[in-house]
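To be precise, the following lines are final36.cif, and they hold mmCIF, C-alpha atoms (C1' of nucleotides).
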data_data
#
loop_
_atom_site.label_atom_id
_atom_site.label_comp_id
_atom_site.auth_asym_id
_atom_site.auth_seq_id
_atom_site.Cartn_x
_atom_site.Cartn_y
_atom_site.Cartn_z
CA MET A 830 14.01 -21.67 6.61
CA SER A 831 15.57 -18.45 7.80
CA ALA A 832 12.80 -16.05 8.75
CA ASP A 833 15.36 -13.34 9.38
CA LEU A 834 16.61 -13.32 5.82
CA ARG A 835 13.10 -13.22 4.45
CA THR A 836 12.18 -10.30 6.67
CA LYS A 837 15.40 -8.55 5.73
CA MET A 838 14.43 -8.89 2.08
CA VAL A 839 10.95 -7.54 2.66
CA ALA A 840 12.18 -4.61 4.72
CA GLY A 841 14.85 -3.83 2.18
CA ALA A 842 12.32 -3.98 -0.62
CA ALA A 843 10.04 -1.57 1.24
CA ASP A 844 12.91 0.84 1.67
CA LEU A 845 14.10 0.75 -1.91
CA MET A 846 10.57 0.95 -3.25
CA SER A 847 10.01 4.08 -1.23
CA ARG A 848 13.07 5.66 -2.81
CA ARG A 849 12.46 4.94 -6.48
CA GLY A 850 9.00 3.55 -6.86
CA LEU A 851 8.27 -0.08 -7.58
CA PRO A 852 8.91 -0.23 -11.33
CA ALA A 853 12.36 1.32 -11.05
CA ALA A 854 13.44 -1.05 -8.31
CA SER A 855 14.81 -4.08 -10.09
CA MET A 856 15.05 -7.48 -8.49
CA ARG A 857 18.83 -7.26 -8.70
CA ASP A 858 18.80 -3.90 -6.94
CA LEU A 859 16.37 -5.13 -4.31
CA ALA A 860 18.63 -8.05 -3.49
CA ARG A 861 21.75 -5.92 -3.43
CA HIS A 862 20.03 -3.24 -1.37
CA SER A 863 19.00 -5.64 1.35
CA GLY A 864 22.33 -7.46 1.33
CA THR A 865 20.78 -10.77 0.38
CA PRO A 866 21.66 -13.06 -2.50
CA LEU A 867 19.68 -12.61 -5.67
CA GLY A 868 19.60 -16.35 -6.13
CA SER A 869 17.50 -16.66 -3.01
CA THR A 870 14.86 -14.17 -4.00
CA TYR A 871 12.81 -16.57 -6.05
CA HIS A 872 13.36 -19.21 -3.43
CA TYR A 873 11.67 -17.18 -0.73
CA PHE A 874 9.26 -15.39 -3.04
CA PRO A 875 8.12 -17.80 -5.75
CA GLY A 876 5.59 -15.21 -6.86
CA GLY A 877 8.47 -13.00 -7.95
CA LYS A 878 8.33 -9.25 -7.86
CA ARG A 879 4.56 -9.10 -7.37
CA GLN A 880 4.79 -11.10 -4.19
CA LEU A 881 7.75 -9.16 -2.86
CA ALA A 882 5.99 -5.86 -3.49
CA LEU A 883 2.81 -7.08 -1.85
CA GLU A 884 4.64 -8.27 1.23
CA ALA A 885 6.64 -5.05 1.44
CA VAL A 886 3.45 -2.98 1.50
CA ARG A 887 1.86 -5.21 4.11
CA PHE A 888 5.06 -5.14 6.14
CA THR A 889 5.01 -1.35 6.24
CA ASP A 890 1.32 -1.37 7.05
CA ASP A 891 1.86 -3.74 9.97
CA GLN A 892 4.80 -1.80 11.32
CA VAL A 893 2.99 1.53 11.24
CA ARG A 894 -0.16 -0.01 12.67
CA SER A 895 1.62 -1.51 15.62
CA ARG A 896 3.47 1.68 16.49
CA LEU A 897 0.31 3.70 16.00
CA SER A 898 -1.87 1.39 18.10
CA ARG A 899 0.58 1.42 20.95
CA SER A 900 0.88 5.19 21.09
CA LEU A 901 -2.85 5.72 20.68
CA GLU A 902 -3.29 4.18 24.11
CA GLN A 903 -2.05 7.53 25.39
CA GLY A 904 -4.68 9.37 23.41
CA PRO A 905 -5.21 10.60 19.87
CA VAL A 906 -2.84 13.55 20.06
CA GLU A 907 -0.03 11.28 21.13
CA GLY A 908 -0.97 8.94 18.29
CA VAL A 909 -0.79 11.71 15.74
CA ARG A 910 2.59 12.67 17.10
CA GLU A 911 3.84 9.11 16.70
CA PHE A 912 2.44 8.81 13.18
CA LEU A 913 4.40 11.90 12.23
CA ALA A 914 7.50 10.69 14.04
CA VAL A 915 7.57 7.48 12.05
CA TRP A 916 7.94 9.29 8.77
CA ARG A 917 10.16 12.01 10.11
CA GLN A 918 12.62 9.41 11.29
CA ILE A 919 12.67 7.70 7.90
CA LEU A 920 13.27 11.00 6.15
CA ILE A 921 16.09 12.03 8.44
CA ASP A 922 17.79 8.63 8.52
CA SER A 923 17.82 8.41 4.74
CA ASP A 924 18.86 12.02 4.18
CA PHE A 925 15.46 12.58 2.54
CA GLU A 926 15.94 9.86 -0.03
CA ALA A 927 13.43 7.38 1.36
CA GLY A 928 9.75 7.96 2.06
CA CYS A 929 6.58 5.95 2.31
CA PRO A 930 6.54 2.69 0.34
CA VAL A 931 2.75 2.63 0.44
CA LEU A 932 2.46 6.02 -1.18
CA SER A 933 5.10 4.97 -3.67
CA VAL A 934 3.02 2.01 -4.79
CA ALA A 935 -0.12 4.10 -4.93
CA VAL A 936 1.58 6.61 -7.19
CA THR A 937 3.49 4.30 -9.51
CA GLU A 938 1.23 1.31 -9.97
CA SER A 939 -2.13 0.91 -11.62
CA ARG A 940 -5.04 -0.90 -10.02
CA ALA A 941 -5.21 -3.12 -13.09
CA GLY A 942 -1.49 -3.51 -13.63
CA GLU A 943 0.92 -6.28 -12.80
CA ALA A 944 1.10 -5.33 -9.13
CA ALA A 945 -2.62 -5.00 -8.52
CA GLU A 946 -2.46 -6.85 -5.23
CA ALA A 947 0.11 -4.38 -3.94
CA VAL A 948 -2.17 -1.49 -4.84
CA THR A 949 -5.01 -3.14 -2.98
CA ALA A 950 -2.73 -3.61 0.00
CA ALA A 951 -1.82 0.08 -0.22
CA ARG A 952 -5.48 1.04 -0.16
CA ASP A 953 -5.99 -1.18 2.85
CA ALA A 954 -3.00 0.32 4.63
CA PHE A 955 -4.32 3.85 4.24
CA SER A 956 -7.70 2.62 5.40
CA HIS A 957 -6.20 0.96 8.47
CA TRP A 958 -4.30 4.06 9.51
CA CYS A 959 -7.32 6.29 9.03
CA GLY A 960 -9.46 3.82 10.94
CA LEU A 961 -7.13 3.71 13.92
CA LEU A 962 -6.89 7.50 14.16
CA SER A 963 -10.60 7.95 13.59
CA ARG A 964 -11.61 5.44 16.24
CA SER A 965 -9.32 7.01 18.79
CA LEU A 966 -10.64 10.50 18.09
CA ARG A 967 -14.20 9.19 18.42
CA GLU A 968 -13.44 7.41 21.66
CA HIS A 969 -12.11 10.64 23.09
CA GLY A 970 -15.16 12.70 22.33
CA ALA A 971 -15.02 13.76 18.72
CA PRO A 972 -18.20 13.30 16.67
CA ALA A 973 -18.07 10.44 14.18
CA ASP A 974 -18.02 12.53 11.01
CA ALA A 975 -15.47 14.98 12.34
CA ALA A 976 -13.28 12.10 13.47
CA GLN A 977 -13.40 10.47 10.05
CA SER A 978 -12.66 13.69 8.18
CA LEU A 979 -9.85 14.65 10.48
CA ALA A 980 -8.24 11.22 10.37
CA LEU A 981 -8.25 11.29 6.59
CA LEU A 982 -6.91 14.83 6.59
CA ILE A 983 -4.06 13.76 8.83
CA VAL A 984 -3.07 10.74 6.77
CA THR A 985 -3.28 12.56 3.43
CA SER A 986 -1.43 15.63 4.60
CA VAL A 987 1.33 13.59 6.20
CA GLU A 988 1.77 11.48 3.08
CA GLY A 989 1.86 14.61 0.96
CA SER A 990 4.31 16.22 3.35
CA VAL A 991 6.70 13.32 3.16
CA ALA A 992 6.84 13.66 -0.61
CA ILE A 993 7.38 17.41 -0.42
CA CYS A 994 10.07 16.98 2.21
CA ARG A 995 11.92 14.65 -0.15
CA ALA A 996 11.80 17.25 -2.90
CA GLU A 997 12.90 19.99 -0.52
CA GLY A 998 15.53 17.96 1.25
CA SER A 999 14.18 19.25 4.53
CA ALA A 1000 11.66 18.33 7.21
CA ARG A 1001 10.16 21.81 7.17
CA ALA A 1002 6.90 20.81 5.51
CA LEU A 1003 6.31 17.86 7.78
CA ASP A 1004 6.99 19.92 10.88
CA LEU A 1005 4.62 22.65 9.81
CA VAL A 1006 1.92 20.11 9.04
CA ALA A 1007 2.62 18.39 12.34
CA HIS A 1008 1.96 21.58 14.23
CA ALA A 1009 -1.23 22.21 12.31
CA VAL A 1010 -2.75 18.76 12.68
CA GLU A 1011 -1.91 18.47 16.36
CA ARG A 1012 -3.76 21.70 16.92
CA LEU A 1013 -6.67 20.45 14.82
CA ALA A 1014 -6.84 17.23 16.79
CA GLY A 1015 -6.91 19.18 20.01
CA ASN A 1016 -9.68 21.43 18.74
CA ALA A 1017 -11.72 18.49 17.54
CA LEU A 1018 -11.62 16.91 20.97
CA ARG A 1019 -12.45 20.13 22.78
CA HIS A 1020 -15.07 21.61 20.48
CA GLY A 1021 -16.30 18.59 18.54
CA GLU A 1022 -15.55 20.01 15.12
CA ILE A 1023 -12.63 20.57 12.85
CA MET B 1300 9.21 24.29 -35.85
CA SER B 1301 5.84 23.03 -34.69
CA ALA B 1302 5.12 24.38 -31.24
CA ASP B 1303 1.96 22.32 -31.06
CA LEU B 1304 3.77 19.03 -31.40
CA ARG B 1305 6.26 20.00 -28.75
CA THR B 1306 3.52 20.95 -26.33
CA LYS B 1307 1.68 17.75 -27.12
CA MET B 1308 4.78 15.80 -26.21
CA VAL B 1309 5.25 17.66 -22.95
CA ALA B 1310 1.61 17.27 -21.97
CA GLY B 1311 1.65 13.59 -22.87
CA ALA B 1312 4.81 13.10 -20.86
CA ALA B 1313 3.23 14.76 -17.84
CA ASP B 1314 0.23 12.49 -18.11
CA LEU B 1315 2.17 9.27 -18.49
CA MET B 1316 4.62 10.23 -15.75
CA SER B 1317 1.72 10.75 -13.42
CA ARG B 1318 0.48 7.23 -14.13
CA ARG B 1319 3.66 5.23 -13.71
CA GLY B 1320 6.32 7.48 -12.31
CA LEU B 1321 9.20 8.80 -14.33
CA PRO B 1322 11.55 5.82 -14.37
CA ALA B 1323 8.87 3.43 -15.63
CA ALA B 1324 7.86 5.72 -18.47
CA SER B 1325 10.18 4.89 -21.32
CA MET B 1326 10.90 7.27 -24.15
CA ARG B 1327 9.17 4.89 -26.55
CA ASP B 1328 6.09 4.81 -24.33
CA LEU B 1329 6.12 8.57 -23.93
CA ALA B 1330 6.16 9.06 -27.68
CA ARG B 1331 3.46 6.48 -28.30
CA HIS B 1332 1.34 7.87 -25.47
CA SER B 1333 1.33 11.37 -26.90
CA GLY B 1334 0.85 10.18 -30.46
CA THR B 1335 4.08 11.73 -31.63
CA PRO B 1336 6.94 10.09 -33.49
CA LEU B 1337 9.75 8.75 -31.38
CA GLY B 1338 12.23 9.98 -33.96
CA SER B 1339 11.24 13.55 -33.16
CA THR B 1340 11.72 13.33 -29.45
CA TYR B 1341 15.43 13.93 -29.48
CA HIS B 1342 14.95 16.56 -32.13
CA TYR B 1343 12.73 18.67 -29.90
CA PHE B 1344 14.37 17.65 -26.64
CA PRO B 1345 18.10 17.29 -27.25
CA GLY B 1346 18.55 16.89 -23.49
CA GLY B 1347 16.70 13.60 -23.70
CA LYS B 1348 14.57 12.26 -20.92
CA ARG B 1349 15.90 14.70 -18.33
CA GLN B 1350 14.77 17.66 -20.36
CA LEU B 1351 11.40 16.15 -21.17
CA ALA B 1352 10.76 15.37 -17.51
CA LEU B 1353 11.80 18.84 -16.45
CA GLU B 1354 9.54 20.50 -18.98
CA ALA B 1355 6.65 18.23 -18.06
CA VAL B 1356 6.90 19.26 -14.42
CA ARG B 1357 7.14 22.93 -15.29
CA PHE B 1358 4.24 22.56 -17.71
CA THR B 1359 2.03 21.15 -14.97
CA ASP B 1360 3.20 23.83 -12.59
CA ASP B 1361 2.32 26.57 -15.06
CA GLN B 1362 -1.07 25.09 -15.86
CA VAL B 1363 -2.06 24.76 -12.22
CA ARG B 1364 -0.70 28.17 -11.39
CA SER B 1365 -2.67 29.88 -14.11
CA ARG B 1366 -5.95 28.20 -13.19
CA LEU B 1367 -5.30 28.85 -9.52
CA SER B 1368 -4.39 32.50 -9.98
CA ARG B 1369 -7.49 33.17 -12.03
CA SER B 1370 -9.87 31.59 -9.54
CA LEU B 1371 -8.16 33.21 -6.57
CA GLU B 1372 -9.42 36.54 -7.85
CA GLN B 1373 -12.77 35.43 -6.48
CA GLY B 1374 -11.26 34.76 -3.07
CA PRO B 1375 -9.31 32.03 -1.33
CA VAL B 1376 -12.22 29.65 -0.85
CA GLU B 1377 -12.94 29.71 -4.55
CA GLY B 1378 -9.25 29.14 -5.20
CA VAL B 1379 -9.17 26.10 -2.96
CA ARG B 1380 -12.20 24.77 -4.76
CA GLU B 1381 -10.47 25.19 -8.11
CA PHE B 1382 -7.27 23.57 -6.88
CA LEU B 1383 -9.30 20.54 -5.85
CA ALA B 1384 -11.27 20.54 -9.08
CA VAL B 1385 -8.11 20.36 -11.16
CA TRP B 1386 -7.08 17.07 -9.64
CA ARG B 1387 -10.56 15.69 -9.39
CA GLN B 1388 -11.03 16.17 -13.10
CA ILE B 1389 -7.78 14.38 -13.90
CA LEU B 1390 -8.75 11.47 -11.67
CA ILE B 1391 -12.21 11.10 -13.18
CA ASP B 1392 -11.10 11.55 -16.79
CA SER B 1393 -8.44 8.90 -16.44
CA ASP B 1394 -10.57 6.46 -14.46
CA PHE B 1395 -8.20 7.00 -11.52
CA GLU B 1396 -5.12 5.96 -13.44
CA ALA B 1397 -3.51 9.37 -13.71
CA GLY B 1398 -2.61 11.73 -10.89
CA CYS B 1399 -0.17 14.51 -10.22
CA PRO B 1400 3.05 14.43 -12.27
CA VAL B 1401 4.77 16.66 -9.75
CA LEU B 1402 4.06 14.31 -6.88
CA SER B 1403 5.14 11.44 -9.07
CA VAL B 1404 8.54 12.99 -9.64
CA ALA B 1405 8.90 13.85 -5.98
CA VAL B 1406 8.22 10.24 -5.02
CA THR B 1407 10.24 8.41 -7.65
CA GLU B 1408 13.29 10.56 -8.17
CA SER B 1409 16.18 11.46 -5.97
CA ARG B 1410 17.47 14.99 -5.52
CA ALA B 1411 20.90 13.76 -6.57
CA GLY B 1412 19.76 11.40 -9.32
CA GLU B 1413 19.70 11.75 -13.06
CA ALA B 1414 16.55 13.90 -12.99
CA ALA B 1415 17.69 16.32 -10.33
CA GLU B 1416 16.41 19.35 -12.24
CA ALA B 1417 12.94 17.82 -12.38
CA VAL B 1418 12.97 17.31 -8.63
CA THR B 1419 13.96 20.93 -8.15
CA ALA B 1420 11.13 21.96 -10.46
CA ALA B 1421 8.76 19.83 -8.38
CA ARG B 1422 9.86 21.54 -5.20
CA ASP B 1423 9.33 24.90 -6.89
CA ALA B 1424 5.87 23.88 -8.08
CA PHE B 1425 4.75 22.96 -4.59
CA SER B 1426 6.22 26.19 -3.35
CA HIS B 1427 4.39 28.22 -5.99
CA TRP B 1428 1.03 26.66 -5.20
CA CYS B 1429 1.48 27.15 -1.47
CA GLY B 1430 2.58 30.71 -2.07
CA LEU B 1431 -0.47 31.59 -4.15
CA LEU B 1432 -2.88 30.11 -1.62
CA SER B 1433 -1.04 31.62 1.30
CA ARG B 1434 -0.95 35.10 -0.18
CA SER B 1435 -4.64 35.03 -0.97
CA LEU B 1436 -5.52 33.90 2.54
CA ARG B 1437 -3.37 36.66 3.97
CA GLU B 1438 -4.89 39.27 1.72
CA HIS B 1439 -8.32 38.27 2.94
CA GLY B 1440 -7.60 38.63 6.60
CA ALA B 1441 -5.79 35.52 7.78
CA PRO B 1442 -2.66 36.06 9.89
CA ALA B 1443 0.59 35.30 8.09
CA ASP B 1444 1.53 32.19 10.02
CA ALA B 1445 -1.95 30.70 9.85
CA ALA B 1446 -2.08 31.41 6.12
CA GLN B 1447 1.22 29.68 5.53
CA SER B 1448 0.31 26.64 7.60
CA LEU B 1449 -3.10 26.30 6.05
CA ALA B 1450 -1.81 26.66 2.50
CA LEU B 1451 0.72 23.93 3.09
CA LEU B 1452 -1.90 21.75 4.74
CA ILE B 1453 -4.13 22.16 1.70
CA VAL B 1454 -1.46 21.33 -0.84
CA THR B 1455 -0.14 18.34 1.08
CA SER B 1456 -3.54 16.88 1.87
CA VAL B 1457 -4.75 17.27 -1.69
CA GLU B 1458 -1.63 15.62 -3.07
CA GLY B 1459 -2.00 12.80 -0.58
CA SER B 1460 -5.68 12.48 -1.43
CA VAL B 1461 -5.00 12.14 -5.12
CA ALA B 1462 -2.70 9.21 -4.44
CA ILE B 1463 -5.22 7.55 -2.13
CA CYS B 1464 -8.00 8.09 -4.65
CA ARG B 1465 -5.93 6.25 -7.24
CA ALA B 1466 -5.49 3.31 -4.89
CA GLU B 1467 -9.17 3.32 -4.01
CA GLY B 1468 -10.43 3.90 -7.51
CA SER B 1469 -12.78 6.52 -6.12
CA ALA B 1470 -12.90 10.24 -5.44
CA ARG B 1471 -14.16 9.69 -1.93
CA ALA B 1472 -10.95 10.74 -0.19
CA LEU B 1473 -10.53 13.89 -2.25
CA ASP B 1474 -14.14 14.91 -1.65
CA LEU B 1475 -13.87 14.41 2.08
CA VAL B 1476 -10.66 16.39 2.20
CA ALA B 1477 -12.24 19.05 0.01
CA HIS B 1478 -15.04 19.54 2.49
CA ALA B 1479 -12.62 19.72 5.40
CA VAL B 1480 -10.19 22.21 3.88
CA GLU B 1481 -12.92 24.49 2.59
CA ARG B 1482 -14.28 24.67 6.09
CA LEU B 1483 -10.80 25.31 7.46
CA ALA B 1484 -10.23 28.11 4.98
CA GLY B 1485 -13.51 29.70 5.97
CA ASN B 1486 -12.65 29.47 9.66
CA ALA B 1487 -9.20 30.93 9.12
CA LEU B 1488 -10.69 33.97 7.41
CA ARG B 1489 -13.37 34.47 10.05
CA HIS B 1490 -11.44 33.72 13.22
CA GLY B 1491 -7.83 34.22 12.17
CA GLU B 1492 -6.64 30.78 13.15
CA ILE B 1493 -6.80 27.25 11.88
"C1'" DC C 1129 30.66 -41.91 5.25
"C1'" DC C 1130 26.23 -41.09 2.36
"C1'" DT C 1131 21.70 -38.88 1.57
"C1'" DG C 1132 18.33 -35.43 1.18
"C1'" DT C 1133 16.81 -31.01 1.74
"C1'" DT C 1134 17.61 -26.21 1.74
"C1'" DA C 1135 20.17 -22.26 0.15
"C1'" DT C 1136 23.11 -19.80 -2.99
"C1'" DA C 1137 25.64 -19.05 -7.47
"C1'" DT C 1138 25.76 -18.70 -12.32
"C1'" DG C 1139 24.32 -18.04 -16.81
"C1'" DA C 1140 20.97 -17.74 -20.04
"C1'" DC C 1141 16.35 -16.30 -22.30
"C1'" DG C 1142 13.78 -12.79 -24.98
"C1'" DA C 1143 12.38 -8.32 -24.40
"C1'" DG C 1144 13.04 -3.57 -23.41
"C1'" DT C 1145 16.17 0.61 -21.93
"C1'" DG C 1146 18.18 5.61 -23.38
"C1'" DT C 1147 20.54 7.25 -26.92
"C1'" DT C 1148 22.76 8.06 -31.38
"C1'" DA C 1149 23.85 7.70 -36.34
"C1'" DT C 1150 22.15 7.42 -40.57
"C1'" DA C 1151 18.89 7.34 -44.12
"C1'" DA C 1152 14.63 8.68 -45.96
"C1'" DC C 1153 10.78 11.84 -46.37
"C1'" DC C 1154 8.54 16.39 -47.06
"C1'" DG C 1155 7.19 21.04 -48.39
"C1'" DT C 1156 9.05 25.13 -50.18
"C1'" DA C 1157 12.37 28.43 -52.26
"C1'" DG C 1158 15.31 29.25 -56.09
"C1'" DC D 1499 13.20 20.70 -62.18
"C1'" DT D 1500 16.94 20.83 -58.26
"C1'" DA D 1501 18.39 21.90 -53.61
"C1'" DC D 1502 17.71 22.32 -49.04
"C1'" DG D 1503 15.80 22.91 -44.50
"C1'" DG D 1504 13.25 20.82 -40.87
"C1'" DT D 1505 11.20 16.38 -39.65
"C1'" DT D 1506 10.61 11.38 -39.19
"C1'" DA D 1507 11.92 6.31 -39.72
"C1'" DT D 1508 14.92 2.71 -38.89
"C1'" DA D 1509 18.54 0.15 -37.05
"C1'" DA D 1510 21.92 -0.37 -34.01
"C1'" DC D 1511 24.78 0.39 -29.60
"C1'" DA D 1512 25.70 -1.61 -25.00
"C1'" DC D 1513 23.06 -2.45 -21.26
"C1'" DT D 1514 19.39 -3.90 -17.95
"C1'" DC D 1515 14.96 -6.10 -17.08
"C1'" DG D 1516 12.16 -10.33 -14.72
"C1'" DT D 1517 12.49 -14.94 -14.63
"C1'" DC D 1518 14.02 -19.55 -14.71
"C1'" DA D 1519 16.93 -23.89 -15.17
"C1'" DT D 1520 20.71 -25.68 -13.73
"C1'" DA D 1521 24.69 -26.35 -10.90
"C1'" DT D 1522 27.00 -25.91 -6.76
"C1'" DA D 1523 27.35 -25.32 -1.79
"C1'" DA D 1524 25.91 -25.93 3.06
"C1'" DC D 1525 24.18 -28.59 6.40
"C1'" DA D 1526 20.83 -31.89 8.65
"C1'" DG D 1527 20.11 -36.85 10.18
"C1'" DG D 1528 21.27 -41.65 9.68
#

Can you give me the file's structure in the form of structure tokens?
Amino acid sequence: MSADLRTKMVAGAADLMSRRGLPAASMRDLARHSGTPLGSTYHYFPGGKRQLALEAVRFTDDQVRSRLSRSLEQGPVEGVREFLAVWRQILIDSDFEAGCPVLSVAVTESRAGEAAEAVTAARDAFSHWCGLLSRSLREHGAPADAAQSLALLIVTSVEGSVAICRAEGSARALDLVAHAVERLAGNALRHGEI
Amino acid sequence: MSADLRTKMVAGAADLMSRRGLPAASMRDLARHSGTPLGSTYHYFPGGKRQLALEAVRFTDDQVRSRLSRSLEQGPVEGVREFLAVWRQILIDSDFEAGCPVLSVAVTESRAGEAAEAVTAARDAFSHWCGLLSRSLREHGAPADAAQSLALLIVTSVEGSVAICRAEGSARALDLVAHAVERLAGNALRHGEI
DNA sequence: CCTGTTATATGACGAGTGTTATAACCGTAG
DNA sequence: CTACGGTTATAACACTCGTCATATAACAGG
């Protein structure tokens, strides 16, 4: 039972899904992309593609959550910065070919389709990220409703930026949005409104 | 030469692409979805899927631009409202199965892939929408840099919201973002900063 | 050595892919 | 009526899809 190989498959799946969307990422491509044998895929993931997609979304969720939680200990502005840095790094490292696997699932799969669990996991991931940001903003003085709105605004605008950056082949959009939301977060903490 | 049928195909392609992403929308599905004969697809679109995808993105771009331009005559806040209403209507009418075809292309296709022209058209669409919003904000008193940042923040957050709304099966996210960006637009016009 | 479990390789299944060639349909002009 | 243009239908091309059954390999403990 090699946990490494399994994780490698899940991480590779998340990456490839973020590049092409789930339906266009075939099991053969997913195996090849993560450098793991195709024959092992159904050994580790008896649920097939549905299971692999679900785990890939949850994997991304967990990774982002852990990085976000850690940086939020230094305050909400630092957390926002880290949230942006996560995606910026992925864009740069992939030459703007990869993006957010969670967004990819949300855009390409239906709630009632064959990957419904993955869509639910995507919804949960967005909810987790918003919740973490919102709680931190609240704990640092922002009113509850402003914190919730601002957290959602941050997550949505960053996800949208990542997609636009891919189309542009540049981090310009994400950097502009980064500047704007950091300022908004600062204002919210100082003046209690967005 | 039936222009209606051609347009019907393009509009149907845009809709189906927004639901599943471009690679998962087969030519047979695209024809069936728009109620047009498959045999005619390559007659009207000799460039095949690439051409159909490209025209679908441009079609969406044009539609949004025209609605946005018209409503911006009543001021930037009214324009923002219209921009949000476009996507809200699509979400509701499709029971949160459809979304933005332009985002869909940006997420599922590579700049160097077989639908490179469609990706370029997606980049242009985002740029057009940001440009319209930005210009209107500037013309109504917002400083140039604030107008540009805010316009991008609006487009990105709305695109992100549409995706999240699909995953949630609810317009909650879009409505919250709508409230936030309308307030931001108002502030930018009154105080000259975001 | 043998055994048993886990992991990988291979090939096959029916269905679907984009695309093209070819044949049939259709309304209208001559 | 015939002839012909723009359309549509159909079948086929080589290929890939997700999935599974089966066969082989690798490696543990006795």

- Item | Residues of chain C within 7 Å of chain A, only C-alpha atoms (C1' of nucleotides) counted, as a PyMOL selection string | chain C and resi 1135-1137

- Note on the structure: Nearest to Val936 in chain A, restricted to all atoms listed in the file and choosing among A:Arg835, A:Arg995, A:His969, A:Arg849, comes out as A:Arg849

- Message: Please compute the CA of Asp833 in chain A-CA of Gln880 in chain A distance, one decimal, in Å.
- Response: 17.3 Å

- To one decimal in Å, tell me the separation between CA of Leu1383 in chain B and CA of Ala1477 in chain B. 6.7 Å

- Output the contact residues of chain A with respect to chain D at a cut-off of 9 Å, based on only C-alpha atoms (C1' of nucleotides), as number ranges by chain. A: 855-856, 871, 877-878

Selection result of the PyMOL selection byres ((chain B) within 8 of (chain A)) on this file, as a PDB file with C-alpha atoms, in the frame of the given file:
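Listed below is the output, selection02.pdb:
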ATOM      1  CA  SER B1317       1.720  10.750 -13.420  1.00  0.00           C
ATOM      2  CA  ARG B1318       0.480   7.230 -14.130  1.00  0.00           C
ATOM      3  CA  ARG B1319       3.660   5.230 -13.710  1.00  0.00           C
ATOM      4  CA  GLY B1320       6.320   7.480 -12.310  1.00  0.00           C
ATOM      5  CA  PRO B1322      11.550   5.820 -14.370  1.00  0.00           C
ATOM      6  CA  ALA B1323       8.870   3.430 -15.630  1.00  0.00           C
ATOM      7  CA  GLU B1396      -5.120   5.960 -13.440  1.00  0.00           C
ATOM      8  CA  GLY B1398      -2.610  11.730 -10.890  1.00  0.00           C
ATOM      9  CA  LEU B1402       4.060  14.310  -6.880  1.00  0.00           C
ATOM     10  CA  SER B1403       5.140  11.440  -9.070  1.00  0.00           C
ATOM     11  CA  ALA B1405       8.900  13.850  -5.980  1.00  0.00           C
ATOM     12  CA  VAL B1406       8.220  10.240  -5.020  1.00  0.00           C
ATOM     13  CA  THR B1407      10.240   8.410  -7.650  1.00  0.00           C
ATOM     14  CA  GLU B1408      13.290  10.560  -8.170  1.00  0.00           C
ATOM     15  CA  SER B1409      16.180  11.460  -5.970  1.00  0.00           C
ATOM     16  CA  ARG B1410      17.470  14.990  -5.520  1.00  0.00           C
ATOM     17  CA  VAL B1418      12.970  17.310  -8.630  1.00  0.00           C
ATOM     18  CA  THR B1419      13.960  20.930  -8.150  1.00  0.00           C
ATOM     19  CA  ALA B1421       8.760  19.830  -8.380  1.00  0.00           C
ATOM     20  CA  ARG B1422       9.860  21.540  -5.200  1.00  0.00           C
ATOM     21  CA  PHE B1425       4.750  22.960  -4.590  1.00  0.00           C
ATOM     22  CA  SER B1448       0.310  26.640   7.600  1.00  0.00           C
ATOM     23  CA  LEU B1449      -3.100  26.300   6.050  1.00  0.00           C
ATOM     24  CA  LEU B1451       0.720  23.930   3.090  1.00  0.00           C
ATOM     25  CA  LEU B1452      -1.900  21.750   4.740  1.00  0.00           C
ATOM     26  CA  ILE B1453      -4.130  22.160   1.700  1.00  0.00           C
ATOM     27  CA  VAL B1454      -1.460  21.330  -0.840  1.00  0.00           C
ATOM     28  CA  THR B1455      -0.140  18.340   1.080  1.00  0.00           C
ATOM     29  CA  SER B1456      -3.540  16.880   1.870  1.00  0.00           C
ATOM     30  CA  VAL B1457      -4.750  17.270  -1.690  1.00  0.00           C
ATOM     31  CA  GLU B1458      -1.630  15.620  -3.070  1.00  0.00           C
ATOM     32  CA  GLY B1459      -2.000  12.800  -0.580  1.00  0.00           C
ATOM     33  CA  SER B1460      -5.680  12.480  -1.430  1.00  0.00           C
ATOM     34  CA  ALA B1462      -2.700   9.210  -4.440  1.00  0.00           C
ATOM     35  CA  ILE B1463      -5.220   7.550  -2.130  1.00  0.00           C
ATOM     36  CA  ARG B1465      -5.930   6.250  -7.240  1.00  0.00           C
ATOM     37  CA  ALA B1466      -5.490   3.310  -4.890  1.00  0.00           C
ATOM     38  CA  GLU B1467      -9.170   3.320  -4.010  1.00  0.00           C
ATOM     39  CA  GLY B1468     -10.430   3.900  -7.510  1.00  0.00           C
ATOM     40  CA  ALA B1472     -10.950  10.740  -0.190  1.00  0.00           C
ATOM     41  CA  LEU B1475     -13.870  14.410   2.080  1.00  0.00           C
ATOM     42  CA  VAL B1476     -10.660  16.390   2.200  1.00  0.00           C
ATOM     43  CA  ALA B1479     -12.620  19.720   5.400  1.00  0.00           C
ATOM     44  CA  LEU B1483     -10.800  25.310   7.460  1.00  0.00           C
ATOM     45  CA  ILE B1493      -6.800  27.250  11.880  1.00  0.00           C
TER      46      ILE B1493
END

- The distance between CA of His1490 in chain B and CA of Glu1011 in chain A is 18.3 Å

- Task: Rank nothing, just name the residue among A:Gly942, A:Pro972, A:Gly1021, A:Gly841 nearest to Ala885 in chain A, using all atoms listed in the file.
- Result: A:Gly841

Take every atom of range 1392-1406 of chain B listed in the file, pad by 5 Å on each side, and give me the axis-aligned box centre and edge lengths in Å, one decimal, as lines of an AutoDock Vina configuration file.
center_x = -1.1
center_y = 11.3
center_z = -10.9
size_x = 30.0
size_y = 20.7
size_z = 21.8
